[in-house]
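K.L.:
I'm passing along coords16.csv; it holds CSV, C-alpha atoms.
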chain,number,residue,atom,x,y,z
A,162,MET,CA,0.0,0.0,0.0
A,163,PRO,CA,1.4,3.4,-0.9
A,164,ASP,CA,1.4,5.7,2.0
A,165,PRO,CA,-0.7,8.8,1.2
A,166,ARG,CA,1.5,10.9,3.4
A,167,GLU,CA,4.4,10.1,1.0
A,168,THR,CA,2.6,10.0,-2.3
A,169,GLY,CA,-0.2,12.5,-1.8
A,170,LEU,CA,-0.6,16.2,-2.2
A,171,THR,CA,-2.3,16.8,1.2
A,172,LEU,CA,-0.3,18.7,3.8
A,173,ASP,CA,-0.3,16.3,6.8
A,174,PRO,CA,2.8,16.9,8.9
A,175,LYS,CA,3.9,14.1,11.1
A,176,TYR,CA,4.4,16.0,14.3
A,177,ASP,CA,6.5,14.3,17.0
A,178,ALA,CA,5.4,13.7,20.6
A,179,ALA,CA,6.1,17.4,21.3
A,180,GLY,CA,4.0,18.5,18.3
A,181,LEU,CA,7.1,19.5,16.3
A,182,VAL,CA,8.7,18.9,12.9
A,183,THR,CA,12.3,19.8,12.1
A,184,ALA,CA,12.9,22.8,9.8
A,185,VAL,CA,16.1,23.5,7.9
A,186,ALA,CA,16.7,26.9,6.4
A,187,THR,CA,19.1,27.3,3.5
A,188,ASP,CA,20.2,30.4,1.6
A,189,ALA,CA,18.2,30.1,-1.6
A,190,ALA,CA,21.1,31.8,-3.6
A,191,THR,CA,24.0,29.8,-2.3
A,192,GLY,CA,22.6,26.5,-0.9
A,193,GLU,CA,24.4,27.2,2.4
A,194,VAL,CA,22.6,25.6,5.3
A,195,LEU,CA,21.8,28.6,7.6
A,196,MET,CA,20.1,27.0,10.7
A,197,LEU,CA,18.0,24.2,12.0
A,198,ALA,CA,15.0,24.8,14.2
A,199,HIS,CA,11.6,23.4,15.0
A,200,MET,CA,8.0,24.2,14.0
A,201,ASN,CA,4.7,23.4,15.5
A,202,GLU,CA,1.5,23.7,13.5
A,203,GLU,CA,1.1,27.4,14.4
A,204,ALA,CA,4.7,28.2,13.3
A,205,LEU,CA,4.3,26.5,10.0
A,206,ALA,CA,1.0,28.3,9.4
A,207,ALA,CA,2.6,31.6,10.3
A,208,THR,CA,5.5,31.0,8.0
A,209,LEU,CA,3.2,30.1,5.1
A,210,ALA,CA,1.0,33.2,5.7
A,211,THR,CA,3.8,35.8,6.3
A,212,ARG,CA,6.7,34.2,4.2
A,213,GLU,CA,9.0,35.0,7.1
A,214,ALA,CA,10.5,32.1,8.9
A,215,THR,CA,8.7,31.5,12.2
A,216,PHE,CA,9.6,28.6,14.6
A,217,TRP,CA,8.7,27.2,17.9
A,218,SER,CA,11.3,28.0,20.5
A,219,ARG,CA,11.7,24.9,22.6
A,220,SER,CA,13.8,26.9,25.2
A,221,ARG,CA,11.4,29.7,25.5
A,222,GLY,CA,8.2,27.7,25.0
A,223,ARG,CA,6.7,30.1,22.5
A,224,LEU,CA,6.3,31.1,18.9
A,225,TRP,CA,9.4,32.8,17.7
A,226,LYS,CA,9.8,34.8,14.5
A,227,LYS,CA,13.4,34.6,13.5
A,228,GLY,CA,14.7,38.2,13.6
A,229,GLU,CA,11.8,39.5,15.7
A,230,THR,CA,14.2,41.5,17.9
A,231,SER,CA,17.4,41.6,15.7
A,232,GLY,CA,15.6,42.4,12.5
A,233,HIS,CA,17.5,39.5,10.9
A,234,VAL,CA,14.5,37.9,9.4
A,235,LEU,CA,14.6,35.1,6.9
A,236,HIS,CA,12.4,35.8,3.9
A,237,VAL,CA,11.0,32.5,2.7
A,238,ARG,CA,11.1,32.0,-1.1
A,239,ASP,CA,10.0,28.4,-1.2
A,240,ILE,CA,9.0,25.7,1.2
A,241,ARG,CA,9.4,21.9,0.7
A,242,ILE,CA,8.4,19.0,2.8
A,243,ASP,CA,10.0,15.6,2.9
A,244,CYS,CA,8.7,12.1,2.1
A,245,ASP,CA,7.3,11.3,5.5
A,246,GLN,CA,6.3,14.9,6.3
A,247,ASP,CA,8.4,15.2,9.4
A,248,ALA,CA,10.8,17.8,8.1
A,249,VAL,CA,10.4,21.0,6.1
A,250,TRP,CA,13.0,22.9,4.0
A,251,LEU,CA,12.8,26.7,3.8
A,252,LEU,CA,14.7,28.3,0.9
A,253,CYS,CA,15.4,31.8,2.3
A,254,GLU,CA,16.8,35.2,1.6
A,255,ARG,CA,18.6,36.5,4.6
A,256,ALA,CA,18.1,40.0,6.0
A,257,GLY,CA,21.3,39.6,8.1
A,258,PRO,CA,23.2,36.9,9.9
A,259,ALA,CA,21.2,33.8,10.6
A,260,CYS,CA,23.2,32.8,13.6
A,261,HIS,CA,22.7,34.5,17.0
A,262,THR,CA,26.6,34.7,17.2
A,263,GLY,CA,26.5,37.1,14.3
A,264,ARG,CA,27.7,34.6,11.7
A,265,ARG,CA,26.1,34.2,8.4
A,266,SER,CA,25.3,30.6,9.1
A,267,CYS,CA,25.1,28.6,12.4
A,268,PHE,CA,27.3,26.0,10.7
A,269,TYR,CA,30.6,27.9,11.0
A,270,ARG,CA,32.8,25.0,12.1
A,271,ARG,CA,34.1,22.0,10.2
A,272,VAL,CA,34.1,18.6,11.9
A,273,THR,CA,37.3,16.6,11.4
A,274,GLU,CA,38.7,13.5,13.0
A,275,HIS,CA,40.9,15.8,15.1
A,276,GLY,CA,38.3,18.2,16.3
A,277,LEU,CA,36.7,21.3,14.9
A,278,GLU,CA,38.0,23.9,12.5
A,279,ALA,CA,36.7,27.5,12.4
A,280,LEU,CA,35.6,28.6,8.9
A,281,ASP,CA,34.6,32.3,9.3
B,171,MET,CA,30.4,33.8,29.8
B,172,PRO,CA,31.0,32.6,26.3
B,173,ASP,CA,29.8,29.0,25.9
B,174,PRO,CA,32.8,26.8,24.9
B,175,ARG,CA,30.4,24.6,23.0
B,176,GLU,CA,29.7,27.5,20.7
B,177,THR,CA,33.0,29.2,20.6
B,178,GLY,CA,35.5,26.3,21.0
B,179,LEU,CA,37.1,23.9,18.6
B,180,THR,CA,36.3,20.8,20.7
B,181,LEU,CA,33.7,18.4,19.2
B,182,ASP,CA,31.1,18.1,21.9
B,183,PRO,CA,27.8,17.2,20.4
B,184,LYS,CA,24.7,18.0,22.4
B,185,TYR,CA,22.9,14.7,22.1
B,186,ASP,CA,19.2,14.7,23.0
B,187,ALA,CA,17.6,12.4,25.6
B,188,ALA,CA,17.7,9.6,23.0
B,189,GLY,CA,21.4,10.2,22.3
B,190,LEU,CA,20.8,11.8,18.9
B,191,VAL,CA,21.6,14.9,16.9
B,192,THR,CA,19.9,15.9,13.7
B,193,ALA,CA,21.8,15.5,10.5
B,194,VAL,CA,21.0,17.3,7.2
B,195,ALA,CA,22.5,16.1,4.0
B,196,THR,CA,22.8,18.4,1.0
B,197,ASP,CA,24.1,17.9,-2.5
B,198,ALA,CA,27.5,19.6,-2.3
B,199,ALA,CA,27.3,20.6,-6.0
B,200,THR,CA,23.8,22.0,-6.1
B,201,GLY,CA,22.9,22.9,-2.5
B,202,GLU,CA,19.8,20.8,-2.7
B,203,VAL,CA,18.7,19.4,0.7
B,204,LEU,CA,18.6,15.7,0.1
B,205,MET,CA,17.4,14.2,3.4
B,206,LEU,CA,17.2,14.7,7.2
B,207,ALA,CA,18.1,11.9,9.6
B,208,HIS,CA,19.6,11.4,13.0
B,209,MET,CA,23.0,10.4,14.3
B,210,ASN,CA,24.2,9.0,17.6
B,211,GLU,CA,27.9,9.1,18.7
B,212,GLU,CA,28.6,5.9,16.8
B,213,ALA,CA,27.0,7.0,13.6
B,214,LEU,CA,28.9,10.3,13.6
B,215,ALA,CA,32.2,8.4,14.3
B,216,ALA,CA,31.5,6.0,11.4
B,217,THR,CA,30.7,8.9,9.1
B,218,LEU,CA,33.9,10.6,10.0
B,219,ALA,CA,36.0,7.5,9.6
B,220,THR,CA,34.4,6.2,6.3
B,221,ARG,CA,33.2,9.4,4.7
B,222,GLU,CA,30.0,7.6,3.9
B,223,ALA,CA,26.9,9.0,5.6
B,224,THR,CA,25.9,6.7,8.4
B,225,PHE,CA,22.9,7.4,10.6
B,226,TRP,CA,21.0,5.9,13.5
B,227,SER,CA,17.7,4.4,12.3
B,228,ARG,CA,15.1,5.2,15.0
B,229,SER,CA,12.6,2.9,13.4
B,230,ARG,CA,15.0,-0.1,13.2
B,231,GLY,CA,16.9,0.8,16.3
B,232,ARG,CA,20.3,0.2,14.7
B,233,LEU,CA,23.2,1.9,12.9
B,234,TRP,CA,22.3,2.4,9.3
B,235,LYS,CA,24.7,3.2,6.5
B,236,LYS,CA,22.7,5.1,3.8
B,237,GLY,CA,22.7,2.9,0.7
B,238,GLU,CA,23.8,-0.2,2.6
B,239,THR,CA,21.3,-2.3,0.5
B,240,SER,CA,20.5,0.0,-2.4
B,241,GLY,CA,24.1,1.0,-3.1
B,242,HIS,CA,22.9,4.7,-3.1
B,243,VAL,CA,25.5,5.8,-0.6
B,244,LEU,CA,26.2,9.4,0.2
B,245,HIS,CA,29.9,10.3,-0.1
B,246,VAL,CA,30.6,12.9,2.5
B,247,ARG,CA,32.8,15.7,1.2
B,248,ASP,CA,32.6,18.0,4.2
B,249,ILE,CA,31.0,18.0,7.7
B,250,ARG,CA,29.9,21.1,9.6
B,251,ILE,CA,28.4,21.4,13.1
B,252,ASP,CA,26.1,24.2,14.3
B,253,CYS,CA,26.6,26.7,17.1
B,254,ASP,CA,25.0,24.7,19.9
B,255,GLN,CA,26.4,21.4,18.4
B,256,ASP,CA,23.0,19.6,18.2
B,257,ALA,CA,22.9,19.5,14.4
B,258,VAL,CA,25.4,18.4,11.7
B,259,TRP,CA,25.4,19.3,8.0
B,260,LEU,CA,26.8,16.8,5.6
B,261,LEU,CA,27.9,18.1,2.1
B,262,CYS,CA,27.6,15.0,-0.1
B,263,GLU,CA,28.0,13.5,-3.5
B,264,ARG,CA,25.2,11.2,-4.3
B,265,ALA,CA,25.8,7.7,-5.7
B,266,GLY,CA,22.0,7.6,-6.6
B,267,PRO,CA,18.7,8.8,-5.4
B,268,ALA,CA,18.7,10.0,-1.8
B,269,CYS,CA,15.1,9.2,-1.1
B,270,HIS,CA,13.7,5.7,-0.6
B,271,THR,CA,11.0,6.6,-3.1
B,272,GLY,CA,13.6,6.7,-5.8
B,273,ARG,CA,13.6,10.5,-6.0
B,274,ARG,CA,16.8,12.6,-6.0
B,275,SER,CA,15.8,14.3,-2.8
B,276,CYS,CA,13.3,13.5,-0.1
B,277,PHE,CA,12.0,17.1,-0.5
B,278,TYR,CA,10.0,16.5,-3.7
B,279,ARG,CA,6.9,18.5,-2.8
B,280,ARG,CA,6.3,22.2,-2.4
B,281,VAL,CA,4.2,23.4,0.5
B,282,THR,CA,1.7,26.1,-0.4
B,283,GLU,CA,-1.3,27.6,1.4
B,284,HIS,CA,-3.5,25.3,-0.7
B,285,GLY,CA,-1.7,22.0,-0.1
B,286,LEU,CA,1.3,20.3,-1.7
B,287,GLU,CA,2.7,20.5,-5.3
B,288,ALA,CA,4.7,17.7,-6.8
B,289,LEU,CA,8.0,18.9,-8.2
B,290,ASP,CA,9.6,15.8,-9.8
Translate this structure into structure tokens?

P.N.:
Amino acid sequence: MPDPRETGLTLDPKYDAAGLVTAVATDAATGEVLMLAHMNEEALAATLATREATFWSRSRGRLWKKGETSGHVLHVRDIRIDCDQDAVWLLCERAGPACHTGRRSCFYRRVTEHGLEALD
Amino acid sequence: MPDPRETGLTLDPKYDAAGLVTAVATDAATGEVLMLAHMNEEALAATLATREATFWSRSRGRLWKKGETSGHVLHVRDIRIDCDQDAVWLLCERAGPACHTGRRSCFYRRVTEHGLEALD
């Protein structure tokens, strides 16, 4: 039996026990992965409606629009969902650094067998 | 106080309660997000040692080298880790489709306000 969640065209996210799916944001122009975060149903709906990346902050326990204080919003140009609908991919245009450390991307270190290497 | 996990060059993944971090695999040439999966310490070590993407299968409860049966391995060209070390980014070269459905990427549908759109 084909799984309609995989084959169909109905949005039916497979939220985990905490009501979340994983969201990965990339720079639509460069393909760089900017950040990973989580979305509940409300965050996904807000992102779809506003085209600005909105997540669920697990640490703060509330909806969190990326850049709501810094102004470094992520303008969402396209949204994809994966086969089992437990992950979404946001193709974004950055209004500033994506990382709270001020770096363009949160992924600013390379993993090697001998530890990490700083890239920026 | 700066958090050494964010600022340092020591690999110190922040595994969740299940002992996992999230891993996102992209096509190193195109920037396309191919798949999301999870890694425990053993999977990360195996990926580092073999340069072939190896994950922890939550459904099967065992280490899982991507492509171990299909041959569709992901050759890992570079590995990055994010600021809080709970997510890794694998820049890959595909030996075949990344999705178990036979598609290049698991993210073969667009999310719109009116449902999903098939892309491939």

K.L.:
Just the number, please: distance in Å from CA of Ala248 (chain A) to CA of Ala186 (chain A), one decimal.

P.N.:
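One can read the CA of Ala248 (chain A) to CA of Ala186 (chain A) distance as 11.0 Å.
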
K.L.:
Can you give me the C-alpha RMSD, to one decimal in Å, for chain A fitted onto chain B with all Cα atoms paired in order?

P.N.:
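Rounded to one decimal, the C-alpha RMSD is 0.1 Å.
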
K.L.:
Starting from chain A, keep only residues with some atom at most 6 Å from an atom of chain B, counting all atoms listed in the file, and report them as a ChimeraX atom specification.

P.N.:
/A:170-172,192,240-244,267-268,270-272,276-277

K.L.:
Can you pull out every residue within 7 Å of Glu222 (chain B), counting only C-alpha atoms, but drop anything in the same chain fewer than 3 positions away, and send it as a VMD selection string?

P.N.:
chain B and resid 217 243 to 246

K.L.:
For the atom pair CA of Phe216 (chain A) and CA of Met200 (chain A), what is the interatomic distance in Å to one decimal place?

P.N.:
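Those two atoms sit 4.7 Å apart.
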
K.L.:
Quick one: distance from CA of Asp164 (chain A) to CA of Ala268 (chain B) in Å, one decimal?

P.N.:
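Interatomic distance here is 18.2 Å.
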
K.L.:
Considering only C-alpha atoms, can you say which of B:Trp234, B:Ala223, B:Val191, B:Thr239 comes closest to Arg264 (chain B)?

P.N.:
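Of B:Trp234, B:Ala223, B:Val191, B:Thr239, the one nearest Arg264 (chain B) is B:Ala223, counting only C-alpha atoms.
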